[in-house]
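**Q** Next comes the structure file my_file.cif, holding mmCIF, C-alpha atoms and all ligand atoms.
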```
data_input
loop_
_atom_site.label_atom_id
_atom_site.label_comp_id
_atom_site.auth_asym_id
_atom_site.auth_seq_id
_atom_site.Cartn_x
_atom_site.Cartn_y
_atom_site.Cartn_z
CA MET A 1 104.23 170.75 -171.65
CA SER A 2 106.40 170.90 -174.72
CA SER A 3 104.56 168.45 -176.96
CA GLY A 4 102.88 171.25 -178.82
CA ILE A 5 99.59 169.38 -178.56
CA ASP A 6 96.69 171.31 -177.09
CA MET A 7 95.78 169.15 -174.08
CA GLN A 8 92.88 171.33 -173.07
CA PRO A 9 89.55 169.79 -174.14
CA ALA A 10 87.82 171.82 -176.83
CA MET A 11 84.61 171.39 -174.86
CA GLN A 12 83.62 170.04 -171.49
CA LEU A 13 80.07 169.50 -170.28
CA ILE A 14 79.86 168.72 -166.58
CA GLY A 15 76.79 167.62 -164.64
CA ILE A 16 74.37 168.87 -167.25
CA GLU A 17 70.68 168.77 -166.42
CA LYS A 18 67.99 170.00 -168.79
CA THR A 19 64.37 170.12 -167.75
CA TYR A 20 61.46 171.42 -169.81
CA GLY A 21 58.11 172.45 -168.39
CA GLN A 22 55.35 170.31 -169.93
CA GLY A 23 51.73 170.94 -169.01
CA ASP A 24 51.67 170.98 -165.23
CA GLY A 25 54.66 168.66 -165.02
CA THR A 26 58.29 168.71 -166.12
CA LEU A 27 60.28 166.62 -168.55
CA THR A 28 63.89 165.87 -167.67
CA VAL A 29 65.82 165.28 -170.90
CA LEU A 30 69.36 165.26 -169.50
CA LYS A 31 70.45 164.55 -165.94
CA ASP A 32 74.06 164.58 -164.76
CA ALA A 33 75.29 164.29 -168.36
CA ASN A 34 79.02 164.67 -168.91
CA LEU A 35 81.08 165.00 -172.08
CA ASP A 36 84.67 165.81 -172.96
CA LEU A 37 85.39 166.71 -176.56
CA ALA A 38 89.12 166.64 -177.24
CA ALA A 39 90.78 169.09 -179.60
CA GLY A 40 90.65 167.70 -183.13
CA GLU A 41 88.28 164.90 -182.19
CA MET A 42 85.25 163.92 -184.27
CA VAL A 43 82.50 162.30 -182.21
CA ALA A 44 79.27 160.69 -183.44
CA LEU A 45 76.14 161.10 -181.34
CA VAL A 46 73.85 158.18 -182.13
CA ALA A 47 70.62 157.86 -180.18
CA PRO A 48 66.91 157.29 -180.90
CA SER A 49 64.63 160.24 -181.69
CA GLY A 50 63.41 162.12 -178.66
CA THR A 51 66.33 161.20 -176.41
CA GLY A 52 67.81 164.69 -176.39
CA LYS A 53 70.37 164.92 -179.21
CA SER A 54 69.20 168.32 -180.42
CA THR A 55 68.88 169.53 -176.82
CA LEU A 56 72.47 168.47 -176.15
CA LEU A 57 73.72 170.18 -179.32
CA HIS A 58 71.85 173.38 -178.42
CA ILE A 59 73.47 173.41 -174.99
CA ALA A 60 76.90 172.66 -176.47
CA GLY A 61 76.28 175.39 -179.06
CA LEU A 62 75.49 177.94 -176.34
CA LEU A 63 72.03 178.45 -177.83
CA GLU A 64 70.25 177.08 -174.77
CA LYS A 65 71.26 177.20 -171.14
CA PRO A 66 71.22 174.00 -169.13
CA THR A 67 68.95 173.94 -166.07
CA HIS A 68 72.06 172.96 -164.09
CA GLY A 69 75.65 172.21 -164.96
CA GLU A 70 78.80 173.66 -166.42
CA VAL A 71 79.77 174.28 -170.04
CA TYR A 72 83.42 174.99 -170.89
CA VAL A 73 84.59 175.95 -174.36
CA GLY A 74 88.37 175.98 -174.68
CA GLY A 75 88.55 176.23 -170.89
CA ALA A 76 86.25 179.26 -170.65
CA ALA A 77 83.33 178.87 -168.23
CA CYS A 78 80.38 179.69 -170.50
CA HIS A 79 77.73 179.04 -167.83
CA LYS A 80 79.04 182.16 -166.09
CA LEU A 81 78.77 184.47 -169.12
CA ASN A 82 76.01 187.00 -169.72
CA ASP A 83 74.01 186.90 -172.96
CA LYS A 84 76.21 189.40 -174.77
CA ALA A 85 79.40 187.51 -173.95
CA LEU A 86 77.70 184.22 -174.87
CA THR A 87 76.76 185.59 -178.29
CA ARG A 88 80.34 186.69 -178.89
CA MET A 89 81.61 183.29 -177.77
CA ARG A 90 79.16 181.51 -180.04
CA ARG A 91 80.21 183.59 -183.05
CA THR A 92 83.91 182.96 -182.61
CA GLU A 93 84.05 179.42 -181.20
CA ILE A 94 81.04 177.52 -182.53
CA GLY A 95 79.83 176.50 -185.98
CA ILE A 96 76.51 174.74 -186.46
CA VAL A 97 75.08 172.70 -189.33
CA TYR A 98 71.45 171.54 -189.30
CA GLN A 99 69.54 168.86 -191.19
CA PHE A 100 68.09 171.55 -193.43
CA HIS A 101 70.62 174.05 -194.70
CA HIS A 102 68.99 177.29 -193.45
CA LEU A 103 70.85 179.31 -196.08
CA LEU A 104 69.45 182.74 -196.96
CA HIS A 105 67.59 182.42 -200.23
CA GLU A 106 68.16 185.94 -201.54
CA PHE A 107 71.95 185.59 -201.35
CA THR A 108 74.43 183.55 -203.40
CA ALA A 109 76.48 180.69 -201.97
CA VAL A 110 79.53 182.96 -201.65
CA GLU A 111 77.50 185.69 -199.94
CA ASN A 112 75.98 183.20 -197.49
CA ILE A 113 79.46 182.03 -196.48
CA ALA A 114 80.93 185.55 -196.40
CA MET A 115 78.19 186.95 -194.16
CA PRO A 116 79.32 185.60 -190.77
CA MET A 117 82.86 186.78 -191.54
CA MET A 118 81.63 190.29 -192.35
CA ILE A 119 79.59 190.33 -189.13
CA ARG A 120 82.89 189.62 -187.38
CA GLY A 121 84.54 192.57 -189.10
CA LEU A 122 86.23 191.27 -192.26
CA THR A 123 85.84 193.42 -195.37
CA LYS A 124 83.68 192.11 -198.17
CA ALA A 125 86.78 191.41 -200.28
CA GLU A 126 88.49 189.46 -197.49
CA ALA A 127 85.35 187.49 -196.66
CA THR A 128 84.67 186.68 -200.32
CA LYS A 129 88.23 185.45 -200.78
CA ARG A 130 87.98 183.02 -197.89
CA ALA A 131 84.48 181.94 -198.98
CA LEU A 132 85.92 180.98 -202.37
CA VAL A 133 88.75 179.03 -200.75
CA LEU A 134 86.22 177.07 -198.68
CA LEU A 135 84.04 176.40 -201.72
CA GLN A 136 87.08 175.18 -203.61
CA TYR A 137 87.99 172.89 -200.73
CA LEU A 138 84.48 171.43 -200.82
CA HIS A 139 84.61 171.10 -204.64
CA ILE A 140 81.75 173.52 -205.32
CA ASP A 141 83.59 176.70 -206.29
CA HIS A 142 81.86 176.56 -209.69
CA ARG A 143 78.53 177.06 -207.85
CA GLY A 144 79.60 180.12 -205.86
CA SER A 145 77.42 182.63 -207.67
CA HIS A 146 74.28 180.49 -207.44
CA ARG A 147 71.49 180.97 -204.96
CA PRO A 148 70.47 178.10 -202.66
CA THR A 149 67.36 177.17 -204.69
CA GLU A 150 69.60 176.58 -207.72
CA LEU A 151 71.75 174.07 -205.83
CA SER A 152 71.21 170.35 -205.17
CA GLY A 153 70.63 169.13 -201.60
CA GLY A 154 74.22 167.96 -201.29
CA GLU A 155 75.56 171.26 -202.62
CA GLN A 156 73.34 173.21 -200.21
CA GLN A 157 74.70 171.20 -197.29
CA ARG A 158 78.30 171.78 -198.41
CA VAL A 159 77.62 175.53 -198.53
CA ALA A 160 76.08 175.28 -195.04
CA ILE A 161 79.23 173.48 -193.83
CA ALA A 162 81.44 176.16 -195.38
CA ARG A 163 79.38 178.85 -193.65
CA ALA A 164 79.62 177.03 -190.31
CA VAL A 165 83.43 176.91 -190.43
CA ALA A 166 83.89 180.35 -192.05
CA ASN A 167 85.05 181.99 -188.82
CA SER A 168 87.38 179.06 -187.96
CA PRO A 169 85.44 177.95 -184.89
CA ARG A 170 86.91 175.66 -182.25
CA ILE A 171 83.89 173.36 -182.40
CA LEU A 172 81.59 172.24 -185.19
CA LEU A 173 78.19 170.90 -184.16
CA ALA A 174 76.07 169.09 -186.71
CA ASP A 175 72.49 167.92 -186.13
CA GLU A 176 71.75 165.11 -188.59
CA PRO A 177 73.60 166.98 -191.37
CA THR A 178 72.97 164.26 -193.95
CA GLY A 179 69.51 163.27 -192.68
CA ASN A 180 67.81 164.79 -195.69
CA LEU A 181 70.14 163.33 -198.36
CA ASP A 182 70.22 160.09 -200.32
CA PRO A 183 72.89 157.54 -199.25
CA LYS A 184 75.41 158.37 -201.99
CA THR A 185 75.15 162.12 -201.44
CA SER A 186 75.31 161.57 -197.65
CA ASP A 187 78.57 159.75 -198.14
CA TYR A 188 80.02 162.51 -200.28
CA VAL A 189 78.93 165.31 -197.95
CA PHE A 190 80.22 163.41 -194.92
CA ASP A 191 83.61 162.88 -196.56
CA ALA A 192 83.83 166.60 -197.31
CA LEU A 193 82.86 167.39 -193.73
CA SER A 194 85.37 165.04 -192.14
CA GLN A 195 88.22 166.14 -194.42
CA LEU A 196 87.54 169.73 -193.47
CA VAL A 197 87.39 168.87 -189.76
CA LYS A 198 90.67 166.95 -189.91
CA ALA A 199 92.46 169.55 -192.03
CA SER A 200 91.45 172.45 -189.81
CA GLY A 201 91.98 170.67 -186.49
CA LEU A 202 88.59 171.61 -185.15
CA SER A 203 86.47 169.32 -182.98
CA ALA A 204 83.13 168.03 -184.17
CA LEU A 205 80.07 166.54 -182.53
CA VAL A 206 77.78 165.04 -185.17
CA ALA A 207 74.30 163.67 -184.42
CA THR A 208 73.39 161.04 -186.98
CA HIS A 209 71.21 157.99 -187.47
CA ASN A 210 73.63 156.67 -190.08
CA LEU A 211 75.71 153.98 -188.37
CA ASP A 212 78.03 153.64 -191.32
CA LEU A 213 79.01 157.31 -191.12
CA ALA A 214 79.11 157.15 -187.31
CA SER A 215 81.60 154.27 -187.40
CA ARG A 216 84.00 156.40 -189.47
CA MET A 217 84.32 158.99 -186.70
CA ASP A 218 86.81 158.80 -183.81
CA ARG A 219 84.22 157.48 -181.36
CA MET A 220 80.48 157.02 -180.87
CA ILE A 221 78.41 158.18 -177.94
CA THR A 222 74.72 157.84 -177.11
CA ILE A 223 72.16 159.19 -174.67
CA ARG A 224 70.72 156.57 -172.31
CA ASP A 225 68.70 157.23 -169.14
CA GLN A 226 69.30 160.98 -169.60
CA GLN A 227 73.06 160.43 -169.52
CA ILE A 228 75.82 160.46 -172.13
CA THR A 229 77.57 157.11 -172.47
CA ASP A 230 79.66 155.24 -175.02
CA HIS A 231 77.63 153.74 -177.82
P1 LIG B 301 66.23 164.37 -180.42
O1 LIG B 301 66.98 165.45 -181.10
O2 LIG B 301 67.10 163.25 -179.90
O3 LIG B 301 65.13 163.81 -181.27
P2 LIG B 301 65.24 166.51 -178.72
O4 LIG B 301 66.42 167.07 -178.02
O5 LIG B 301 64.70 167.28 -179.86
O6 LIG B 301 65.52 164.98 -179.11
O7 LIG B 301 64.05 166.34 -177.67
C1 LIG B 301 64.20 165.60 -176.46
C2 LIG B 301 62.89 165.67 -175.68
O8 LIG B 301 62.71 167.00 -175.20
C3 LIG B 301 61.66 165.34 -176.49
O9 LIG B 301 60.76 164.64 -175.67
C4 LIG B 301 61.12 166.70 -176.85
O10 LIG B 301 59.72 166.66 -177.02
C5 LIG B 301 61.49 167.54 -175.64
N1 LIG B 301 61.73 168.97 -175.97
C6 LIG B 301 62.67 169.46 -176.81
N2 LIG B 301 62.63 170.80 -176.84
C7 LIG B 301 61.64 171.18 -176.02
C8 LIG B 301 61.08 172.43 -175.61
N3 LIG B 301 61.58 173.58 -176.08
N4 LIG B 301 60.05 172.42 -174.73
C9 LIG B 301 59.55 171.27 -174.25
N5 LIG B 301 60.02 170.05 -174.57
C10 LIG B 301 61.05 170.00 -175.45
MG MG B 302 66.88 166.20 -183.03
#
```
Can you dump the structure from the file as structure tokens?
Ligand code: ADP
Ligand code: MG
**A**
Amino acid sequence: MSSGIDMQPAMQLIGIEKTYGQGDGTLTVLKDANLDLAAGEMVALVAPSGTGKSTLLHIAGLLEKPTHGEVYVGGAACHKLNDKALTRMRRTEIGIVYQFHHLLHEFTAVENIAMPMMIRGLTKAEATKRALVLLQYLHIDHRGSHRPTELSGGEQQRVAIARAVANSPRILLADEPTGNLDPKTSDYVFDALSQLVKASGLSALVATHNLDLASRMDRMITIRDQQITDH
């Protein structure tokens, strides 16, 4: 192929089943669920509470293993990796944003963003430089030296987004990233998120209850009868 376009899906989930033990019985959350996430694609996951959105994101984020099924990230068969290799894969290929920012309170915004880069081996100076670039991109560079408790909800989420993409992952997973914000702030944070996704060419899977935001993504999927289908 000479198009220069990466035709390999960023992520492929094939025949995913996830069962939890519950009391003396079992609960099947996903059964034969399949998903292709193309490179550069931004996909909204819209489904009622309890249908398995967080479960799906945890499996895609290599945080939880499916009961059955195959998980490919950039063509690599993650279901065959041991825990050490999975951790490495997660650090390099996956960024995650949650509904609540989960920033470390004793560190500044810049330090929170720099940390995953330093864990990967960048020097403090290198990591700080990139953290500042990301903050500038998200229009919060003036808040870099503040700690999370000194930031607004929208600013905290933008710092969390910067931290998630700090190591230039292949895939960004977001679990109701604006679920805790007022509509105007949600809009602003979502715009920042989607600009960053599009500019960096990464793929994103975003669980949200906000249909307005969902409709601005490339496509919408849902979970119905334990399977992933178009919304
Ligand atoms: P959503 O994010 O769409 O609200 P979840 O993925 O959190 O849904 O949960 C899907 C279902 O799986 C729910 O019924 C939930 O109670 C159950 N569940 C999630 N995690 C666990 C777990 N660790 N153990 C047992 N049941 C779980
Ligand atoms: Mg959830």
**Q** How would you write, as a list of chain:residue names, the set of residues no farther than 12 Å from ligand MG 302 (chain B) when counting all atoms listed in the file?
**A**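 Listing the residues within 12 Å of ligand MG 302 (chain B) gives A:Leu45, A:Val46, A:Ala47, A:Pro48, A:Ser49, A:Gly50, A:Thr51, A:Gly52, A:Lys53, A:Ser54, A:Thr55, A:Leu56, A:Leu57, A:His58, A:Tyr98, A:Gln99, A:Phe100, A:Ala174, A:Asp175, A:Glu176, A:Pro177, A:Gly179, A:Val206, A:Ala207, A:Thr208, A:His209.
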**Q** Just how far from atom CA of Asp230 of chain A is atom CA of Gln195 of chain A, in Å to one decimal?
**A**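 Interatomic distance here is 23.8 Å.
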**Q** Between atom C1 of ligand LIG 301 (chain B) and atom CA of Lys18 of chain A, measure the distance and give it in Å to one decimal.
**A**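 One can read the atom C1 of ligand LIG 301 (chain B) to atom CA of Lys18 of chain A distance as 9.6 Å.
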**Q** Can you tell me, as a list of chain:residue names, what residues are no more than 10 Å from Arg90 of chain A when counting only C-alpha atoms, ignoring any on the same chain fewer than 6 positions away?
**A** A:Ala60, A:Gly61, A:Leu62, A:Leu63, A:Val73, A:Cys78, A:Lys84, A:Ile96, A:Pro169, A:Arg170, A:Ile171
**Q** Please identify all polymer residues within 8 Å of Arg158 of chain A, counting all atoms listed in the file, omitting same-chain residues fewer than 3 positions from it, and present them as a PyMOL selection string.
**A** chain A and resi 138+140+154-155+161-162+189+192-193
**Q** Contacts of segment 115-117 of chain A at 8 Å or less, counting all atoms listed in the file, minus same-chain residues fewer than 4 places along, as number ranges by chain?
**A** A: 111, 121-122, 127, 163, 166-167
**Q** Would you please work out which residue, of A:Gln227, A:Thr108, A:Thr222, A:Thr92, is nearest to Leu172 of chain A when using only C-alpha atoms?
**A**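 The closest residue to Leu172 of chain A is A:Thr92.
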**Q** Given the choices A:Ile119, A:Leu30, A:Leu13, A:Ala131, which gets closest to ligand LIG 301 (chain B) if the distance is worked out from all atoms listed in the file?
**A**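 The closest residue to ligand LIG 301 (chain B) is A:Leu30.
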**Q** Between atom CA of Gln226 of chain A and atom CA of Ala214 of chain A, what is the distance in Å, rounded to a tenth?
**A**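 Those two atoms sit 20.6 Å apart.
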**Q** Which residue gives the smallest distance to Val165 of chain A among A:Ala76, A:Ala199, A:Leu151, A:Met217, with only C-alpha atoms counted?
**A**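 Smallest separation from Val165 of chain A among the options: A:Ala199.
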**Q** Skip Met42 of chain A itself and residues of its chain fewer than 5 positions away, then list as number ranges by chain all residues within 6 Å of it, counting all atoms listed in the file.
**A** A: 203-204, 217-218
**Q** Of the residues A:Leu37, A:Leu213, A:Ile59, A:Val29, which is the one nearest to ligand LIG 301 (chain B), using all atoms listed in the file?
**A**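 Closest to ligand LIG 301 (chain B), using all atoms listed in the file: A:Val29.
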**Q** Using all atoms listed in the file, which of A:Asp225, A:Glu93, A:Glu150, A:Glu70 sits nearest ligand LIG 301 (chain B)?
**A**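 Smallest distance to ligand LIG 301 (chain B) is found for A:Asp225.
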**Q** Which residue out of A:Leu86, A:Leu104, A:Ala109, A:Ile223 has the minimum interatomic distance to ligand LIG 301 (chain B) when only C-alpha atoms and all ligand atoms are used?
**A**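 Ranking A:Leu86, A:Leu104, A:Ala109, A:Ile223 by distance to ligand LIG 301 (chain B), first place goes to A:Ile223.
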